[in-house]
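First comes the structure, then the notes that go with it.
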Amino acid sequence: MYAEREENMTQTNENSKVKNIALALYNKSKRAFKYRGTDLKKQALKIAPPYRDFILKIINNKSIKITQKWNDGYIVPEQVHQALDKLNRKGKSSIFTDISDPNVLPHELGHAVDFWFGFNKSLSSNVIIKDNKTLFDIFNEEFEAKQEEIYSIVMEEFKNIINSNINSGAYDLLVKEMPKYQLLLNLDYKNHKKTRQILQQELYKSGFVETYYQMVTKRCYSILNNKYSPILDALSSKHDFSGLWLDHHDHFYYQVSKKRAVEEFFANMFEAKVMSKQLHFDNLIKYLPKSFNAFEQLFVIVYDHIQNNKRFTDLTLKRREN
Amino acid sequence: MNYSAFINKEVVNKNNQKGITISFNEEHVVVKYDSEEKTYNPDVAFKNGFLSFINSDLNKTFTEELTNKEKENELIEQQGRDNDAIAIKRNKVINEMYKKLDAKNRMMQALFGGDFKYPPYIEFYKKYKNIIKRVHWYTGTTWYQYLD
């Protein structure tokens with residue numbers, strides 16, 4: 001009887017946490033989330049129970065604004081100030097997220113945590129974790145050494161999935177005709193009507209159209225996205241995945257800054273951690289163990305400081321090179 | 001049916017009036033009684049039993065002919081009904097196939113641009129243009145699509 005009562009108590013406790021998260025999100029943008037009660041609850045439920053308090057604390061932070069944006073998710077700095085040697089000045093940011101997709105907000109919150117002290121002072125590339133190295137250093141070192149090997153493993157798996165689901169030459173055909181398809185997507189309707197028609201006919205005759213349609217409708221990419229999402233996103237900084245429906249950012253997105261790759265890695269890992277996506281962890285431990293450990297350490301630091309209302313001034317930072 | 005075999009034969013009606021058939025065809029039979037001539041529909045008159053040939057063999061052959069004719073008509077009607085059912089079934093199948101192809105075409109257009117014309121879709125549409133029904137999702141009106 002007591003065990004039952006205890007169980008009921010814990011259940012009601014969890015329910016109240018879920019309600020609190022949904023309410024906190026609603027309070028962030030009342031107009032946008034007014035009729036999205038079910039989505040907010042779904043979002044709150046998707047966050048793993050051990051991290052609900054932590055996430056609630058992040059959402060309740062006044063330096064973060066959250067609003068609705070359809071089919072998209074990004075974070076924008078509200079105020080960019082000069083980077084200081086100590087982490088004592090919080091950066092303000094606005095998160096735009098599609099609340100109907102529960103994977104987007106945790107990812108953006110990961111960015112928000114990374115940019116806790118402004119976009120110039122991301123924790124992933126400034127906080128020293130061990131041996132005078134930040135997550136940026138550790139990740140870059142390991143990823144540079146292993147990325148070709150990981151890429152070949154992942155692509156081999158993708159090739160096997162596509163060829164077994166469609167036909168034996170499907171993957172090669174997709175890779176061969178992909179530049180033409182990309183060109184077609186980049187041509188506008190008005191000025192390049194004839195070129196578009198020619199390209200479409202060529203793609204149809206080569207069999208690309210049917211193969212690509214089957215790849216999309218049979219969702220050949222979803223297994224890889226479930227297994228390797230953070231790795232795929234990291235790989236897209238070196239290889240172009242556009243058109244293959246694998247989780248990625250555009251190639252030029254990573255060319256803006258060297259730190260983008262590690263920032264995305266942190267956000268992806270944060271999302272996986274907070275939502276308890278064990279499958280991602282398994283593959284990361286297998287392929288990028290050092291980076292995974294470094295992230296774990298950084299996450300513990302962040303969790304400890306935010307959850308216990310500690311100041312970040314005790315952390316050692318990487319010295320900036322002038 | 002050879003109607004000439006039934007001309008100039010003695011008939012009797014329900015009122016026991018005797019007469020002779022003057023003309024006989026598919027639609028009319030003209031009977032001359034003592035004082036007057038009357039026209040009947042042979043199918044109705046002989047079937048009801050209002051008229052009958054005095055010669056019983058002739059009567060028998062005529063009724064047989066009539067039943068044969070009825071059976072033939074029924075067969076033709078049944079065939080027509082079957083053909084209609086086949087046509088309706090065929091139209092239904094074609095429309096279902098069209099729905100699937102239309103969905104595929106839309107998906108293709110989402111992938112390759114709104115100006116992309118999926119050749120199997122166009123061929124199918126041109127072939128079964130008169131059978132395909134496109135119903136507007138809101139107004140319920142039908143229309144035909146014009147393709148190049």
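Every chain in the structure tokens takes a letter, A first, then B, and so on in the order presented; its residues are numbered from 1, and the ligands are numbered from 1 following the presented order.
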Within 10 Å of range 88-92 of chain B using only C-alpha atoms, minus same-chain residues under 4 positions, as a PyMOL selection string: chain B and resi 82-84+96-98+128+130-133
Please produce an output containing all heavy atoms for each residue in the selection, written as a short mmCIF file (atom, residue, chain, number, x, y, z; two decimals), in the first residue's frame.
```cif
data_model
loop_
_atom_site.label_atom_id
_atom_site.label_comp_id
_atom_site.auth_asym_id
_atom_site.auth_seq_id
_atom_site.Cartn_x
_atom_site.Cartn_y
_atom_site.Cartn_z
N ASP B 82 -24.88 -6.33 -67.54
CA ASP B 82 -23.53 -6.81 -67.25
C ASP B 82 -22.48 -5.83 -67.79
O ASP B 82 -21.50 -5.50 -67.11
CB ASP B 82 -23.29 -8.19 -67.87
CG ASP B 82 -24.05 -9.26 -67.11
OD1 ASP B 82 -24.63 -8.93 -66.05
OD2 ASP B 82 -24.08 -10.41 -67.58
N ASN B 83 -22.73 -5.39 -69.03
CA ASN B 83 -21.78 -4.44 -69.64
C ASN B 83 -21.68 -3.16 -68.82
O ASN B 83 -20.59 -2.61 -68.63
CB ASN B 83 -22.22 -4.11 -71.07
CG ASN B 83 -21.92 -5.26 -72.01
OD1 ASN B 83 -21.14 -6.14 -71.67
ND2 ASN B 83 -22.56 -5.27 -73.17
N ASP B 84 -22.86 -2.70 -68.35
CA ASP B 84 -22.86 -1.48 -67.52
C ASP B 84 -22.05 -1.70 -66.25
O ASP B 84 -21.26 -0.84 -65.84
CB ASP B 84 -24.30 -1.10 -67.14
CG ASP B 84 -25.03 -0.46 -68.32
OD1 ASP B 84 -24.35 -0.25 -69.35
OD2 ASP B 84 -26.24 -0.19 -68.21
N GLU B 96 -9.40 4.85 -59.26
CA GLU B 96 -8.52 4.54 -58.12
C GLU B 96 -7.06 4.60 -58.54
O GLU B 96 -6.21 5.13 -57.81
CB GLU B 96 -8.86 3.15 -57.58
CG GLU B 96 -9.98 3.21 -56.55
CD GLU B 96 -10.46 1.85 -56.14
OE1 GLU B 96 -9.79 0.85 -56.45
OE2 GLU B 96 -11.55 1.78 -55.53
N MET B 97 -6.79 4.03 -59.74
CA MET B 97 -5.41 4.08 -60.25
C MET B 97 -4.97 5.52 -60.45
O MET B 97 -3.84 5.89 -60.15
CB MET B 97 -5.33 3.31 -61.58
CG MET B 97 -5.18 1.82 -61.40
SD MET B 97 -5.45 0.93 -62.93
CE MET B 97 -3.98 1.33 -63.84
N TYR B 98 -5.90 6.33 -60.94
CA TYR B 98 -5.60 7.73 -61.19
C TYR B 98 -5.28 8.46 -59.88
O TYR B 98 -4.35 9.27 -59.82
CB TYR B 98 -6.78 8.42 -61.88
CG TYR B 98 -6.61 9.90 -61.96
CD1 TYR B 98 -5.69 10.45 -62.84
CD2 TYR B 98 -7.33 10.76 -61.14
CE1 TYR B 98 -5.49 11.82 -62.89
CE2 TYR B 98 -7.13 12.12 -61.18
CZ TYR B 98 -6.22 12.64 -62.06
OH TYR B 98 -6.01 13.99 -62.10
N TYR B 128 -7.34 8.11 -70.44
CA TYR B 128 -8.63 7.92 -69.76
C TYR B 128 -9.27 9.25 -69.35
O TYR B 128 -9.92 9.34 -68.32
CB TYR B 128 -8.45 7.04 -68.53
CG TYR B 128 -7.90 5.68 -68.84
CD1 TYR B 128 -6.60 5.35 -68.46
CD2 TYR B 128 -8.65 4.74 -69.52
CE1 TYR B 128 -6.07 4.10 -68.75
CE2 TYR B 128 -8.13 3.49 -69.81
CZ TYR B 128 -6.84 3.18 -69.43
OH TYR B 128 -6.33 1.95 -69.71
N ASN B 130 -11.81 10.89 -70.38
CA ASN B 130 -13.26 10.97 -70.24
C ASN B 130 -13.79 10.18 -69.05
O ASN B 130 -14.93 10.36 -68.64
CB ASN B 130 -13.93 10.48 -71.53
CG ASN B 130 -13.54 11.35 -72.71
OD1 ASN B 130 -13.33 12.55 -72.55
ND2 ASN B 130 -13.39 10.74 -73.87
N ILE B 131 -13.00 9.29 -68.56
CA ILE B 131 -13.45 8.45 -67.45
C ILE B 131 -13.06 9.05 -66.10
O ILE B 131 -13.80 8.95 -65.12
CB ILE B 131 -12.84 7.02 -67.59
CG1 ILE B 131 -13.38 6.38 -68.87
CG2 ILE B 131 -13.16 6.16 -66.38
CD1 ILE B 131 -12.65 5.15 -69.29
N ILE B 132 -11.89 9.70 -66.08
CA ILE B 132 -11.37 10.23 -64.81
C ILE B 132 -12.26 11.36 -64.30
O ILE B 132 -12.61 12.28 -65.03
CB ILE B 132 -9.92 10.73 -64.98
CG1 ILE B 132 -9.00 9.53 -65.21
CG2 ILE B 132 -9.46 11.52 -63.78
CD1 ILE B 132 -7.65 9.88 -65.75
N LYS B 133 -12.61 11.24 -63.02
CA LYS B 133 -13.40 12.29 -62.38
C LYS B 133 -12.53 12.98 -61.37
O LYS B 133 -11.95 12.34 -60.49
CB LYS B 133 -14.60 11.67 -61.68
CG LYS B 133 -15.88 11.77 -62.44
CD LYS B 133 -17.02 11.32 -61.56
CE LYS B 133 -18.32 11.37 -62.32
NZ LYS B 133 -19.43 10.93 -61.47
#
```
Do me a favour and pick out the residues of chain B within 9 Å of chain A, using only C-alpha atoms, as a count of residues only. 12
Just list the residues in range 60-156 of chain A DSSP gives helix (DSSP H, G or I) on the backbone, as a ChimeraX atom specification. /A:60,104-114,123-126,135-156
What parts of range 108-181 of chain A does DSSP call strand (DSSP E)? I'd like the answer as an NGL selection string. :A and (128-130 or 133-134)
Take the selection from the previous step and output its residues with C-alpha atoms, as a PDB file, in the first residue's frame.
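selection_4.pdb, freshly written:
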```pdb
ATOM      1  CA  ILE A 128      39.039  24.075 -20.499  1.00  0.00           C
ATOM      2  CA  ILE A 129      38.081  20.507 -19.719  1.00  0.00           C
ATOM      3  CA  LYS A 130      41.423  18.747 -19.336  1.00  0.00           C
ATOM      4  CA  LYS A 133      42.061  21.587 -24.028  1.00  0.00           C
ATOM      5  CA  THR A 134      38.513  22.652 -24.690  1.00  0.00           C
TER       6      THR A 134
END
```
Please provide the set of residues having any atom within 9 Å of Val262 in chain A, restricted to only C-alpha atoms, with same-chain residues fewer than 5 positions apart removed, written as a PyMOL selection string. chain A and resi 124-125+135-136+139-140+234+267
As a ChimeraX atom specification, please: the residues near range 111-123 of chain A (cut-off 6 Å, only C-alpha atoms, same-chain neighbours under 2 positions excluded). /A:83,89-91,108-109,125-127,267
Residues just named, written with C-alpha atoms as a PDB file, in the first residue's frame:
```pdb
ATOM      1  CA  ALA A  83      34.201  38.852 -25.182  1.00  0.00           C
ATOM      2  CA  ARG A  89      28.103  38.626 -18.350  1.00  0.00           C
ATOM      3  CA  LYS A  90      25.144  36.709 -19.678  1.00  0.00           C
ATOM      4  CA  GLY A  91      24.262  36.874 -23.355  1.00  0.00           C
ATOM      5  CA  GLU A 108      18.153  25.098 -29.703  1.00  0.00           C
ATOM      6  CA  LEU A 109      18.292  25.036 -25.912  1.00  0.00           C
ATOM      7  CA  SER A 125      35.297  26.463 -27.328  1.00  0.00           C
ATOM      8  CA  ASN A 126      36.323  28.403 -24.201  1.00  0.00           C
ATOM      9  CA  VAL A 127      35.986  26.239 -21.102  1.00  0.00           C
ATOM     10  CA  ALA A 267      23.769  21.117 -29.420  1.00  0.00           C
TER      11      ALA A 267
END
```
Have a look at CA of Lys190 in chain A and CA of Met178 in chain A and let me know their distance in Å, one decimal.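 Atom-to-atom, CA of Lys190 in chain A to CA of Met178 in chain A, that is 22.6 Å.
The shell of residues at most 12 Å from Lys100 in chain B, with only C-alpha atoms counted and near chain neighbours (fewer than 5 positions) removed, consists of Val93, Ile94, Asn95, Asn105, Arg106, Met107, Pro120, Tyr121 and Phe124 of chain B.
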How about saving the chosen residues, all heavy atoms kept, as a short mmCIF file (atom, residue, chain, number, x, y, z; two decimals), in the first residue's frame?
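Output saved as part.cif:
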```cif
data_model
loop_
_atom_site.label_atom_id
_atom_site.label_comp_id
_atom_site.auth_asym_id
_atom_site.auth_seq_id
_atom_site.Cartn_x
_atom_site.Cartn_y
_atom_site.Cartn_z
N VAL B 93 -11.97 1.32 -61.07
CA VAL B 93 -10.56 0.90 -61.00
C VAL B 93 -9.66 1.97 -61.59
O VAL B 93 -8.63 2.33 -61.01
CB VAL B 93 -10.38 -0.46 -61.74
CG1 VAL B 93 -8.90 -0.78 -61.90
CG2 VAL B 93 -11.07 -1.58 -60.98
N ILE B 94 -10.10 2.50 -62.73
CA ILE B 94 -9.29 3.54 -63.39
C ILE B 94 -9.17 4.77 -62.50
O ILE B 94 -8.10 5.35 -62.35
CB ILE B 94 -9.90 3.90 -64.78
CG1 ILE B 94 -9.58 2.78 -65.76
CG2 ILE B 94 -9.35 5.22 -65.30
CD1 ILE B 94 -10.32 2.86 -67.06
N ASN B 95 -10.29 5.14 -61.87
CA ASN B 95 -10.24 6.32 -60.99
C ASN B 95 -9.36 6.09 -59.77
O ASN B 95 -8.66 7.00 -59.32
CB ASN B 95 -11.66 6.72 -60.56
CG ASN B 95 -12.28 7.64 -61.57
OD1 ASN B 95 -11.72 8.68 -61.90
ND2 ASN B 95 -13.42 7.26 -62.12
N ASN B 105 2.33 11.85 -58.61
CA ASN B 105 2.71 13.03 -59.40
C ASN B 105 2.94 14.24 -58.52
O ASN B 105 3.89 15.00 -58.70
CB ASN B 105 1.60 13.32 -60.42
CG ASN B 105 1.94 14.48 -61.30
OD1 ASN B 105 3.03 14.55 -61.84
ND2 ASN B 105 1.01 15.43 -61.40
N ARG B 106 2.06 14.40 -57.52
CA ARG B 106 2.21 15.55 -56.61
C ARG B 106 3.50 15.45 -55.81
O ARG B 106 4.19 16.43 -55.57
CB ARG B 106 1.03 15.62 -55.66
CG ARG B 106 -0.19 16.17 -56.34
CD ARG B 106 -1.38 16.11 -55.46
NE ARG B 106 -2.59 16.28 -56.22
CZ ARG B 106 -3.71 16.77 -55.72
NH1 ARG B 106 -3.76 17.14 -54.48
NH2 ARG B 106 -4.77 16.87 -56.48
N MET B 107 3.78 14.24 -55.37
CA MET B 107 5.03 14.00 -54.62
C MET B 107 6.24 14.33 -55.51
O MET B 107 7.20 14.96 -55.07
CB MET B 107 5.06 12.54 -54.19
CG MET B 107 6.27 12.15 -53.39
SD MET B 107 6.16 12.75 -51.72
CE MET B 107 7.76 12.28 -51.12
N PRO B 120 4.35 9.09 -67.03
CA PRO B 120 3.27 8.09 -66.91
C PRO B 120 1.94 8.70 -66.50
O PRO B 120 0.88 8.25 -66.95
CB PRO B 120 3.79 7.16 -65.80
CG PRO B 120 5.24 7.33 -65.80
CD PRO B 120 5.50 8.74 -66.20
N TYR B 121 2.00 9.75 -65.68
CA TYR B 121 0.77 10.42 -65.25
C TYR B 121 0.07 11.09 -66.43
O TYR B 121 -1.15 10.95 -66.61
CB TYR B 121 1.12 11.46 -64.18
CG TYR B 121 -0.02 12.37 -63.80
CD1 TYR B 121 -1.05 11.93 -62.98
CD2 TYR B 121 -0.09 13.68 -64.29
CE1 TYR B 121 -2.10 12.75 -62.64
CE2 TYR B 121 -1.13 14.51 -63.96
CZ TYR B 121 -2.13 14.05 -63.14
OH TYR B 121 -3.18 14.87 -62.80
N PHE B 124 -1.41 8.45 -68.83
CA PHE B 124 -2.60 7.85 -68.24
C PHE B 124 -3.77 8.81 -68.32
O PHE B 124 -4.89 8.43 -68.67
CB PHE B 124 -2.31 7.49 -66.78
CG PHE B 124 -3.38 6.71 -66.11
CD1 PHE B 124 -3.40 5.33 -66.19
CD2 PHE B 124 -4.39 7.34 -65.39
CE1 PHE B 124 -4.40 4.59 -65.57
CE2 PHE B 124 -5.39 6.61 -64.77
CZ PHE B 124 -5.39 5.23 -64.86
#
```
Give me, please, the distance in Å between CA of Phe54 in chain A and CA of Tyr303 in chain A, quoted to one decimal.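 The value is 7.2 Å.
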Using only C-alpha atoms: which of B:Tyr125, B:Phe24, B:Trp137, B:Phe46 has the shortest distance to Thr63 in chain B: B:Phe46
Please indicate the distance in Å from CA of Glu142 in chain A to CA of Leu288 in chain A, rounded to one decimal place. 6.9 Å
Give me, as a count of residues only, all polymer residues having an atom no more than 6 Å from His28 in chain B, counting only C-alpha atoms and skipping those fewer than 2 positions away in the same chain. 3
